[in-house]
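Data file: final26.csv. Format and content: CSV, C-alpha atoms and all ligand atoms.
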chain,number,residue,atom,x,y,z
A,1,MET,CA,0.0,0.0,0.0
A,2,ARG,CA,3.0,2.3,0.5
A,3,ARG,CA,3.2,2.8,-3.2
A,4,CYS,CA,-0.3,4.2,-3.3
A,5,GLY,CA,0.6,7.2,-1.0
A,6,ARG,CA,0.2,10.9,-1.4
A,7,SER,CA,2.8,11.4,-4.1
A,8,ALA,CA,1.0,9.0,-6.4
A,9,VAL,CA,-2.2,11.0,-5.8
A,10,ARG,CA,-0.5,14.2,-6.7
A,11,ALA,CA,1.0,12.7,-9.9
A,12,VAL,CA,-2.2,11.3,-11.2
A,13,GLY,CA,-4.7,13.8,-9.9
A,14,ILE,CA,-8.1,12.4,-10.7
A,15,PRO,CA,-9.2,10.0,-7.9
A,16,LEU,CA,-10.8,7.5,-10.3
A,17,VAL,CA,-7.6,7.2,-12.3
A,18,PHE,CA,-5.6,7.1,-9.1
A,19,ALA,CA,-7.7,4.1,-7.9
A,20,ALA,CA,-7.0,2.3,-11.1
A,21,ALA,CA,-3.3,3.1,-11.0
A,22,CYS,CA,-3.2,1.9,-7.4
A,23,ALA,CA,-4.7,-1.4,-8.3
A,24,TRP,CA,-2.3,-1.8,-11.1
A,25,ALA,CA,0.7,-1.1,-8.9
A,26,GLN,CA,-0.4,-3.8,-6.5
A,27,THR,CA,-0.7,-6.5,-9.1
A,28,PRO,CA,1.6,-5.9,-12.0
A,29,ASP,CA,0.5,-8.6,-14.3
A,30,GLY,CA,3.2,-9.8,-16.7
A,31,ALA,CA,0.8,-11.0,-19.3
A,32,ASN,CA,-1.1,-7.8,-19.5
A,33,LEU,CA,2.1,-5.7,-19.3
A,34,SER,CA,3.6,-7.7,-22.2
A,35,ARG,CA,0.7,-6.6,-24.4
A,36,LYS,CA,0.6,-3.1,-23.1
A,37,LEU,CA,4.3,-2.6,-23.7
A,38,ASN,CA,4.3,-4.2,-27.2
A,39,CYS,CA,6.7,-7.0,-26.2
A,40,MET,CA,4.5,-9.3,-28.3
A,41,SER,CA,5.3,-7.4,-31.5
A,42,CYS,CA,8.7,-9.0,-31.4
A,43,HIS,CA,8.1,-12.1,-29.1
A,44,ALA,CA,5.5,-14.8,-29.5
A,45,ALA,CA,4.5,-17.6,-27.1
A,46,ASP,CA,6.1,-20.5,-29.0
A,47,ARG,CA,7.7,-19.3,-32.2
A,48,THR,CA,10.6,-17.0,-33.0
A,49,LEU,CA,9.7,-13.6,-34.4
A,50,LEU,CA,12.2,-10.8,-34.3
A,51,GLY,CA,13.1,-12.0,-30.8
A,52,PRO,CA,13.2,-15.5,-29.3
A,53,SER,CA,9.9,-17.1,-28.3
A,54,ILE,CA,8.7,-16.8,-24.7
A,55,ALA,CA,9.0,-20.7,-24.5
A,56,ASP,CA,12.6,-20.6,-25.6
A,57,ILE,CA,13.5,-17.9,-23.1
A,58,ARG,CA,11.8,-19.9,-20.4
A,59,ARG,CA,13.6,-23.1,-21.4
A,60,ARG,CA,17.0,-21.4,-21.3
A,61,TYR,CA,16.6,-19.7,-17.9
A,62,ALA,CA,14.0,-21.6,-15.9
A,63,ASN,CA,16.6,-23.2,-13.7
A,64,ASP,CA,19.0,-20.3,-13.6
A,65,PRO,CA,18.8,-18.6,-10.2
A,66,ASP,CA,20.5,-15.4,-11.4
A,67,ALA,CA,18.3,-15.0,-14.5
A,68,ARG,CA,15.5,-13.1,-12.8
A,69,ASP,CA,17.5,-9.9,-12.1
A,70,MET,CA,19.6,-10.3,-15.2
A,71,LEU,CA,16.6,-10.5,-17.5
A,72,ALA,CA,14.8,-7.7,-15.8
A,73,ARG,CA,17.8,-5.5,-16.4
A,74,LYS,CA,18.0,-6.5,-20.0
A,75,ILE,CA,14.3,-5.8,-20.6
A,76,GLN,CA,15.0,-2.2,-19.4
A,77,LYS,CA,18.3,-1.6,-21.0
A,78,GLY,CA,18.1,-3.8,-24.1
A,79,SER,CA,19.9,-7.0,-25.1
A,80,GLU,CA,22.4,-7.9,-27.7
A,81,GLY,CA,24.2,-11.1,-28.7
A,82,SER,CA,22.3,-13.6,-26.5
A,83,TRP,CA,20.2,-15.2,-29.2
A,84,GLY,CA,21.5,-13.9,-32.5
A,85,SER,CA,22.5,-10.8,-34.4
A,86,VAL,CA,19.3,-8.8,-33.8
A,87,PRO,CA,19.5,-6.6,-30.7
A,88,MET,CA,16.5,-5.8,-28.5
A,89,PRO,CA,16.1,-2.1,-28.0
A,90,ALA,CA,15.9,-0.7,-24.5
A,91,ASN,CA,12.5,-0.4,-22.9
A,92,THR,CA,13.1,2.7,-20.8
A,93,GLN,CA,9.5,3.1,-19.8
A,94,VAL,CA,9.5,-0.2,-17.9
A,95,ASN,CA,10.2,0.3,-14.1
A,96,ASP,CA,11.8,-2.3,-11.9
A,97,ASP,CA,8.6,-3.8,-10.6
A,98,GLU,CA,7.2,-4.1,-14.1
A,99,ALA,CA,10.4,-5.7,-15.4
A,100,HIS,CA,10.4,-8.3,-12.6
A,101,ALA,CA,6.7,-9.0,-13.2
A,102,LEU,CA,7.5,-9.6,-16.9
A,103,VAL,CA,10.3,-11.9,-16.1
A,104,ASP,CA,8.1,-13.9,-13.6
A,105,TRP,CA,5.5,-14.2,-16.3
A,106,ILE,CA,8.1,-15.3,-18.9
A,107,LEU,CA,9.7,-17.9,-16.6
A,108,ALA,CA,6.4,-19.2,-15.1
A,109,PRO,CA,5.9,-22.9,-15.9
A,110,GLN,CA,2.8,-22.4,-17.9
A,111,HIS,CA,0.9,-19.5,-19.3
B,201,LIG,C1,11.9,-4.5,-31.4
B,201,LIG,C2,11.6,-5.9,-31.0
B,201,LIG,C3,11.6,-6.2,-29.5
B,201,LIG,C4,10.7,-5.8,-28.6
B,201,LIG,C5,9.7,-4.7,-28.7
B,201,LIG,C6,11.0,-6.5,-27.4
B,201,LIG,N1,12.0,-7.4,-27.6
B,201,LIG,FE1,12.7,-8.7,-26.2
B,201,LIG,N2,14.1,-9.3,-27.6
B,201,LIG,C7,14.2,-8.9,-28.9
B,201,LIG,C8,15.3,-9.5,-29.5
B,201,LIG,C9,15.8,-9.3,-30.9
B,201,LIG,C10,16.0,-10.3,-28.5
B,201,LIG,C11,17.3,-11.1,-28.6
B,201,LIG,C12,18.4,-10.2,-28.1
B,201,LIG,C13,19.7,-10.9,-28.0
B,201,LIG,O1,20.1,-11.7,-28.8
B,201,LIG,O2,20.4,-10.6,-27.0
B,201,LIG,C14,15.2,-10.2,-27.3
B,201,LIG,C15,15.4,-10.8,-26.1
B,201,LIG,C16,14.6,-10.8,-25.0
B,201,LIG,C17,14.8,-11.5,-23.8
B,201,LIG,C18,16.0,-12.5,-23.5
B,201,LIG,C19,17.3,-11.8,-23.2
B,201,LIG,C20,18.4,-12.7,-23.0
B,201,LIG,O3,19.5,-12.3,-22.6
B,201,LIG,O4,18.3,-13.9,-23.1
B,201,LIG,C21,13.8,-11.2,-22.9
B,201,LIG,C22,13.6,-11.7,-21.5
B,201,LIG,C23,13.0,-10.3,-23.6
B,201,LIG,N3,13.5,-10.0,-24.8
B,201,LIG,C24,11.8,-9.7,-23.1
B,201,LIG,C25,11.1,-8.7,-23.7
B,201,LIG,C26,10.0,-7.9,-23.0
B,201,LIG,C27,9.5,-8.3,-21.6
B,201,LIG,C28,9.6,-7.0,-23.9
B,201,LIG,C29,8.6,-5.9,-23.7
B,201,LIG,C30,8.9,-4.9,-22.6
B,201,LIG,C31,10.4,-7.1,-25.1
B,201,LIG,N4,11.3,-8.1,-24.9
B,201,LIG,C32,10.3,-6.3,-26.2
B,201,LIG,C33,13.3,-8.1,-29.5
B,201,LIG,C34,12.4,-7.3,-28.9
Just dump the structure as structure tokens.
Amino acid sequence: MRRCGRSAVRAVGIPLVFAAACAWAQTPDGANLSRKLNCMSCHAADRTLLGPSIADIRRRYANDPDARDMLARKIQKGSEGSWGSVPMPANTQVNDDEAHALVDWILAPQH
């Protein structure tokens, strides 16, 4: 609830929008975020588009304990050379919570 404090109210202004933003902040949902942030224009569930499929990323990192933070950072800052010659541009609008929610969603055993 701390995230829904007064500064958030001031930033958003309208109480109704604030309530929605507040609910959003409490439950960052990786699947929804991936659509909202256009991740799925380059990634598909189980086939390679411009980027690797979600299933391939999950297979590679599911058992890697360091992957969560590493991938969250890459989502924010971009990635190059892990999968091929096409780089992923930085997603600077993604905050830390959102990046981790996206990684949790990608690495979840099933979607
Ligand atoms: C413009 C196309 C594009 C968009 C948009 C995009 N990606 Fe990527 N993504 C790529 C490419 C290409 C790679 C492979 C980069 C590489 O080889 O290092 C990649 C790699 C990744 C990886 C694996 C990184 C690694 O080191 O193995 C993750 C996780 C990922 N993307 C998540 C996301 C998420 C989440 C979003 C939305 C916020 C997103 N991507 C948006 C193209 C994109």
Each residue of chain A with at least one atom at most 7 Å from ligand LIG 201 (chain B) should appear once, together with its nearest atom pair and the corresponding distance in Å (one decimal); atoms considered: only C-alpha atoms and all ligand atoms; ordering: chain, then increasing residue number; output as JSON lines.
{"residue": "A:Ser34", "atom": "CA", "partner": "B:LIG201", "partner_atom": "C29", "distance": 5.5}
{"residue": "A:Leu37", "atom": "CA", "partner": "B:LIG201", "partner_atom": "C30", "distance": 5.3}
{"residue": "A:Asn38", "atom": "CA", "partner": "B:LIG201", "partner_atom": "C5", "distance": 5.6}
{"residue": "A:Cys39", "atom": "CA", "partner": "B:LIG201", "partner_atom": "C29", "distance": 3.3}
{"residue": "A:Met40", "atom": "CA", "partner": "B:LIG201", "partner_atom": "C32", "distance": 6.9}
{"residue": "A:Ser41", "atom": "CA", "partner": "B:LIG201", "partner_atom": "C5", "distance": 5.9}
{"residue": "A:Cys42", "atom": "CA", "partner": "B:LIG201", "partner_atom": "C2", "distance": 4.3}
{"residue": "A:His43", "atom": "CA", "partner": "B:LIG201", "partner_atom": "N1", "distance": 6.3}
{"residue": "A:Leu50", "atom": "CA", "partner": "B:LIG201", "partner_atom": "C9", "distance": 5.2}
{"residue": "A:Gly51", "atom": "CA", "partner": "B:LIG201", "partner_atom": "C8", "distance": 3.6}
{"residue": "A:Pro52", "atom": "CA", "partner": "B:LIG201", "partner_atom": "C10", "distance": 6.0}
{"residue": "A:Ile57", "atom": "CA", "partner": "B:LIG201", "partner_atom": "C18", "distance": 6.0}
{"residue": "A:Leu71", "atom": "CA", "partner": "B:LIG201", "partner_atom": "C22", "distance": 5.1}
{"residue": "A:Lys74", "atom": "CA", "partner": "B:LIG201", "partner_atom": "C19", "distance": 6.2}
{"residue": "A:Ile75", "atom": "CA", "partner": "B:LIG201", "partner_atom": "C24", "distance": 5.3}
{"residue": "A:Ser79", "atom": "CA", "partner": "B:LIG201", "partner_atom": "O2", "distance": 4.1}
{"residue": "A:Glu80", "atom": "CA", "partner": "B:LIG201", "partner_atom": "O2", "distance": 3.4}
{"residue": "A:Gly81", "atom": "CA", "partner": "B:LIG201", "partner_atom": "O1", "distance": 4.1}
{"residue": "A:Ser82", "atom": "CA", "partner": "B:LIG201", "partner_atom": "O2", "distance": 3.6}
{"residue": "A:Trp83", "atom": "CA", "partner": "B:LIG201", "partner_atom": "O1", "distance": 3.5}
{"residue": "A:Gly84", "atom": "CA", "partner": "B:LIG201", "partner_atom": "O1", "distance": 4.5}
{"residue": "A:Ser85", "atom": "CA", "partner": "B:LIG201", "partner_atom": "O1", "distance": 6.2}
{"residue": "A:Val86", "atom": "CA", "partner": "B:LIG201", "partner_atom": "C9", "distance": 4.6}
{"residue": "A:Pro87", "atom": "CA", "partner": "B:LIG201", "partner_atom": "C12", "distance": 4.6}
{"residue": "A:Met88", "atom": "CA", "partner": "B:LIG201", "partner_atom": "C7", "distance": 3.9}
{"residue": "A:Pro89", "atom": "CA", "partner": "B:LIG201", "partner_atom": "C1", "distance": 5.9}
{"residue": "A:Asn91", "atom": "CA", "partner": "B:LIG201", "partner_atom": "C30", "distance": 5.8}
{"residue": "A:Val94", "atom": "CA", "partner": "B:LIG201", "partner_atom": "C30", "distance": 6.7}
{"residue": "A:Ala99", "atom": "CA", "partner": "B:LIG201", "partner_atom": "C27", "distance": 6.8}
{"residue": "A:Leu102", "atom": "CA", "partner": "B:LIG201", "partner_atom": "C27", "distance": 5.3}
{"residue": "A:Val103", "atom": "CA", "partner": "B:LIG201", "partner_atom": "C22", "distance": 6.3}
Restricting the calculation to only C-alpha atoms: of A:Ala90, A:Asp29, A:Leu49, A:Gln76, which residue gets closest to A:Ile106?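 The closest residue to A:Ile106 is A:Asp29.
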Could you state the separation of atom CA of A:Asp69 and atom CA of A:Asp96 in Å, given to one decimal place? 9.5 Å
Have a look at atom CA of A:Asp104 and atom CA of A:Ala45 and let me know their distance in Å, one decimal.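 Going from atom CA of A:Asp104 over to atom CA of A:Ala45 covers 14.5 Å.
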If you measure from atom CA of A:Arg60 to atom CA of A:Pro28, what distance in Å do you get, rounded to one decimal?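 Those two atoms sit 23.7 Å apart.
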Quick one: residues within 12 Å of A:Arg59, only C-alpha atoms counted, chain neighbours fewer than 2 positions away excluded, as JSON, numbers by chain? {"A": [46, 52, 53, 54, 55, 56, 57, 61, 62, 63, 64, 67, 106, 107, 108, 109, 110]}
